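Okay, so here's the structure we're looking at.
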Amino acid sequence: MNAGEPGPIGPQVDRFPDHGDRLRDPSELAEILGDWMSGPGPLYRKLAEALRRAVHDGSLDPGERLLSERALAKALVVSRATVVAAYDELRGLGIVDSRRGSGTRVVRQPGSSRPGADGRVPGGRATSIIQRLIDGPVSEARPLKAGGWGLEDGPSSGARPLDGGGWGLEDGPSSGARPLDGGGWGLEDGPAGVISLRHAMEGAVPELGVELAALLAEDLPVLMRDIGYHPSGLPALREAAAARLTAAGLPTASENVLVTTGVTQALALAAQMYLRRRSIVVVESPGWPGCFDVFRAAGARLVGVPLDGDGIRVDELARAFAEHRPDLLYVMPTVHNPTGALMSEGRRRRVAEIAAEHRVPILEDNAYDIGGASRPPPIAAYAPKGAEVLSADSLAKSVWGGLRIGWVRAPAGTIERLARHKAMADLGSPVLDQALAARLLPRLPEITAARGAVLRDRLDHLTALLAEHLPEWRFQPPAGGSALWIELPGRDARAFAQVALRHGVEVVPGATMDPSGAHDGYLRLPYTFPADVLTEVAARLTAAWTELTDRSAIQHFDP
């Protein structure tokens with residue numbers, strides 16, 4: 001419309017409401033899009049569909065300015081032509097519009113209203129990791145005739161050979177990937193054949209089935225006569241958790257234990273109790289983004305402190321306490337996720353002493369330990385008198401993620417306060433799950449020893465593959481946990497994650513696991529998968545790495 005021309009008659013929708021000309025960080029937009037390359041069809045159409053979904057569910061606001069074609073192509077490591085075609089498709093659907101000097105913006109749809117809160121945490125970094133869980137179960141990987149996994153062999157699949165070997169998907173028709181049958185190992189449902197490494201999880205240990213059968217035969221009649229409400233936890237489980245902590249070197253009575261629905265709830269309850277908007281939480285950097293987002297959701301600001309081989313650095317910790325006067329310290333001493341570091345005894349003692357000097361409560365999360373080896377006692381065992389230390393643990397990693405039972409150990413007065421928050425949240429965790437956990441806890445040493453042996457074999461297999469095919473990747477052998485923390489020499493792991501996705505592997509870049517977005521040259525590589533799947537993962541990652549480091553490929557993706 002030219003200046004001076006009459007406008008259309010009737011009420012008008014402000015298609016570009018004022019959002020402060022917000023332009024998202026490229027990594028934030030990539031996080032929103034998630035595994036957008038999955039499924040059949042050309043890349044530009046899949047990108048357009050992912051952006052359309054983000055607009056529809058409120059992840060992208062009306063009036064929000066999208067990245068330029070060149071910037072988005074660089075962030076997603078695709079050709080600029082792919083982004084141009086995707087934006088063209090969205091313009092044709094009336095979802096975005098472009099104006100000279102204003103870029104491409106999301107259009108407010110007539111009659112639309114802003115959806116309710118979508119569960120994403122402002123400034124959070126765990127959105128795509130959580131979404132992977134929400135999207136549902138995964139399909140079992142099975143080998144194809146030529147020994148690959150999920151993608152059909154040969155050029156007819158719509159893949160093209162890479163200079164260094166392997167197959168990359170073209171910006172064109174369907175990749176030829178086809179859905180696989182079964183259930184279990186990390187290949188997502190549908191035709192994409194993507195091996196997701198966003199989570200390091202396994203199925204249940206066999207002892208769970210044995211104890212469940214015994215519970216139904218022996219314990220169920222007594223449990224059914226109970227009223228079923230135990231906000232602090234089933235007494236038998238509180239006693240079993242106290243006995244386990246005492247055996248680990250931390251004397252504990254049952255009144256010092258609160259049962260939670262997994263460690264995530266323990267973190268959420270602690271956040272309710274200690275944090276308010278603009279509170280400060282000191283955390284290890286890097287760390288697990290799902291835990292960080294629990295604190296962000298409470299309105300807290302995170303201050304990261306680096307680690308070394310013995311755990312969080314106490315010199316930097318003391319400096320952070322003095323400068324920021326935090327409301328809470330959150331650490332993972334046994335074992336750290338994602339680095340696999342085990343905090344030493346001396347470091348645990350110093351952390352407890354520094355926190356006590358500054359009167360900062362400690363929340364220690366020990367749920368990532370799987371392996372059955374000898375460990376130092378929790379930090380609470382080294383705490384001076386009067387210190388407030390909450391020690392959280394669960395059965396998710398050691399027994400099964402589907403058994404959503406955890407516990408937190410703290411002074412009795414702290415447990416009583418937490419129990420009131422717990423009662424407001426759910427009136428208590430499911431009683432049958434708690435009764436099953438009470439049966440399993442005494443068997444945990446044998447369970448973790450067996451699972452740890454399997455994980456060590458898988459770790460040895462994966463490290464041998466990396467030494468052979470990706471010798472330039474650097475990492476330290478983990479003291480426990482279930483993943484390697486890998487440094488990519490001279491490359492941004494966010495860019496590599498996009499290339500790896502085209503090769504059928506979904507990885508978590510290190511910047512996602514740092515509260516400041518640093519560690520962008522690292523990635524987390526779980527080794528919880530069977531050996532044959534790890535072999536295929538290594539092959540796909542090798543092909544992706546070859547593509548990323550090939551100079552001609554870089555020129556192709558950044559014209």
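Labels for the structure tokens follow display order: chains A, B, ..., residues from 1 in each chain, ligands from 1.
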>> List the spatial neighbours of range 337-344 of chain A as a ChimeraX atom specification - criterion: any atom at most 7 Å away, only C-alpha atoms, same-chain residues fewer than 3 positions off excluded.
In response: /A:287-288,309-311,333-334,347-348,368,478-481,483-485,524
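Residues in contact with range 404-415 of chain A at up to 6 Å, not including ones fewer than 6 positions away on its chain and judged by only C-alpha atoms, are Glu255, Asn256, Val257, Leu258, Val259, Thr260, Thr261, Gly262, Val263, Leu390, Ser391, Ala392, Asp393 and Ser394 of chain A.
Atom pair CA of Ala271 in chain A / CA of Pro378 in chain A: separated by 20.3 Å.
Distances to Leu363 in chain A were evaluated for A:Gln498, A:Ala298, A:Ala214, A:Val389 using only C-alpha atoms, and the minimum falls at A:Val389.
Between CA of His519 in chain A and CA of Ala493 in chain A the separation is 8.7 Å.
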>> Which residues are close to Glu357 in chain A, i.e. within 10 Å by only C-alpha atoms, leaving aside same-chain residues fewer than 2 positions away? Reply as a ChimeraX atom specification.
In response: /A:318,321,351-355,359-360,384,387
> Per DSSP on the backbone, what are the strand (DSSP E or B) residues of range 391-466 of chain A, as an MDAnalysis selection string?
Replying inline: chainID A and resid 391:394 406:409
I need the chosen residues saved as a compact mmCIF listing (two decimals), in the first residue's frame, with C-alpha atoms.
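Result saved to out.txt:
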```
# COMPACT_ATOMS: atom_id res chain seq x y z
CA SER A 391 21.61 -35.41 49.78
CA ALA A 392 19.39 -36.65 46.93
CA ASP A 393 19.44 -40.02 45.18
CA SER A 394 17.14 -42.29 43.20
CA GLY A 406 13.97 -41.08 44.89
CA TRP A 407 14.77 -39.73 48.30
CA VAL A 408 16.47 -36.81 49.97
CA ARG A 409 18.38 -36.94 53.24
```
>> Which residues are near range 24-28 of chain A? Cut-off 8 Å, only C-alpha atoms, ignore same chain within fewer than 5 positions. Put them as a PyMOL selection string.
In response: chain A and resi 66-67+71-72+75+125+494
With C-alpha atoms retained, export the selected residues as a PDB file, in the first residue's frame.
```pdb
ATOM      1  CA  LEU A  66      13.446 -14.709  12.447  1.00  0.00           C
ATOM      2  CA  LEU A  67      17.109 -15.176  11.709  1.00  0.00           C
ATOM      3  CA  ALA A  71      22.404 -16.896   9.733  1.00  0.00           C
ATOM      4  CA  LEU A  72      19.860 -19.713  10.006  1.00  0.00           C
ATOM      5  CA  ALA A  75      23.246 -22.334  12.591  1.00  0.00           C
ATOM      6  CA  ARG A 125      18.427 -25.205  27.725  1.00  0.00           C
ATOM      7  CA  ARG A 494      26.320 -27.115  17.843  1.00  0.00           C
TER       8      ARG A 494
END
```
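If you look at CA of Glu69 in chain A and CA of Arg108 in chain A, they are 20.9 Å away from each other.
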Do you know which residues are at most 12 Å from Ala464 in chain A counting only C-alpha atoms, after dropping those on the same chain fewer than 4 positions away, and could you put them as a PDB file with N, CA, C and O atoms, in the first residue's frame?
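Result written to part30.pdb:
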```
ATOM      1  N   ASP A 457      32.153 -52.678  29.923  1.00  0.00           N
ATOM      2  CA  ASP A 457      32.408 -53.353  28.644  1.00  0.00           C
ATOM      3  C   ASP A 457      32.006 -52.464  27.474  1.00  0.00           C
ATOM      4  O   ASP A 457      32.713 -52.380  26.463  1.00  0.00           O
ATOM      5  N   ARG A 458      30.860 -51.811  27.591  1.00  0.00           N
ATOM      6  CA  ARG A 458      30.394 -50.930  26.513  1.00  0.00           C
ATOM      7  C   ARG A 458      31.300 -49.712  26.379  1.00  0.00           C
ATOM      8  O   ARG A 458      31.558 -49.242  25.261  1.00  0.00           O
ATOM      9  N   LEU A 459      31.759 -49.192  27.507  1.00  0.00           N
ATOM     10  CA  LEU A 459      32.684 -48.071  27.461  1.00  0.00           C
ATOM     11  C   LEU A 459      33.972 -48.467  26.744  1.00  0.00           C
ATOM     12  O   LEU A 459      34.492 -47.714  25.902  1.00  0.00           O
ATOM     13  N   ASP A 460      34.507 -49.640  27.073  1.00  0.00           N
ATOM     14  CA  ASP A 460      35.724 -50.109  26.414  1.00  0.00           C
ATOM     15  C   ASP A 460      35.503 -50.248  24.909  1.00  0.00           C
ATOM     16  O   ASP A 460      36.380 -49.910  24.106  1.00  0.00           O
ATOM     17  N   GLU A 468      40.071 -45.635  16.995  1.00  0.00           N
ATOM     18  CA  GLU A 468      40.339 -46.084  15.627  1.00  0.00           C
ATOM     19  C   GLU A 468      39.834 -45.096  14.586  1.00  0.00           C
ATOM     20  O   GLU A 468      40.535 -44.801  13.600  1.00  0.00           O
ATOM     21  N   HIS A 469      38.614 -44.572  14.773  1.00  0.00           N
ATOM     22  CA  HIS A 469      37.966 -43.792  13.724  1.00  0.00           C
ATOM     23  C   HIS A 469      37.993 -42.282  13.962  1.00  0.00           C
ATOM     24  O   HIS A 469      37.913 -41.514  13.003  1.00  0.00           O
ATOM     25  N   LEU A 470      38.082 -41.859  15.217  1.00  0.00           N
ATOM     26  CA  LEU A 470      38.059 -40.431  15.536  1.00  0.00           C
ATOM     27  C   LEU A 470      39.166 -40.120  16.542  1.00  0.00           C
ATOM     28  O   LEU A 470      38.903 -39.645  17.658  1.00  0.00           O
ATOM     29  N   PRO A 471      40.412 -40.398  16.178  1.00  0.00           N
ATOM     30  CA  PRO A 471      41.510 -40.261  17.152  1.00  0.00           C
ATOM     31  C   PRO A 471      41.739 -38.839  17.624  1.00  0.00           C
ATOM     32  O   PRO A 471      42.347 -38.624  18.679  1.00  0.00           O
ATOM     33  N   ALA A 531      26.619 -53.130  22.035  1.00  0.00           N
ATOM     34  CA  ALA A 531      27.835 -52.925  21.261  1.00  0.00           C
ATOM     35  C   ALA A 531      27.549 -52.687  19.782  1.00  0.00           C
ATOM     36  O   ALA A 531      28.205 -51.854  19.143  1.00  0.00           O
ATOM     37  N   LEU A 534      26.416 -49.140  19.328  1.00  0.00           N
ATOM     38  CA  LEU A 534      27.548 -48.231  19.494  1.00  0.00           C
ATOM     39  C   LEU A 534      28.447 -48.246  18.264  1.00  0.00           C
ATOM     40  O   LEU A 534      28.985 -47.204  17.865  1.00  0.00           O
ATOM     41  N   THR A 535      28.610 -49.409  17.647  1.00  0.00           N
ATOM     42  CA  THR A 535      29.401 -49.501  16.421  1.00  0.00           C
ATOM     43  C   THR A 535      28.777 -48.664  15.318  1.00  0.00           C
ATOM     44  O   THR A 535      29.469 -47.930  14.597  1.00  0.00           O
ATOM     45  N   ALA A 538      29.235 -44.914  16.078  1.00  0.00           N
ATOM     46  CA  ALA A 538      30.575 -44.453  15.746  1.00  0.00           C
ATOM     47  C   ALA A 538      30.739 -44.277  14.237  1.00  0.00           C
ATOM     48  O   ALA A 538      31.374 -43.310  13.788  1.00  0.00           O
TER      49      ALA A 538
END
```
May I have the residues within 9 Å of Arg52 in chain A as a CSV table (one decimal) with N, CA and C atoms, in the first residue's frame, using only C-alpha atoms and disregarding those fewer than 5 positions away in the same chain?
```
chain,number,residue,atom,x,y,z
A,47,LEU,N,12.1,-28.2,7.4
A,47,LEU,CA,12.4,-27.0,8.1
A,47,LEU,C,11.2,-26.1,8.2
A,57,ASP,N,2.6,-23.5,18.4
A,57,ASP,CA,2.6,-23.9,19.8
A,57,ASP,C,3.1,-22.7,20.7
A,90,LEU,N,6.6,-20.8,4.0
A,90,LEU,CA,5.9,-20.2,5.1
A,90,LEU,C,5.2,-18.9,4.7
A,95,ILE,N,2.3,-17.5,7.2
A,95,ILE,CA,2.8,-17.7,8.6
A,95,ILE,C,3.9,-16.7,8.9
```
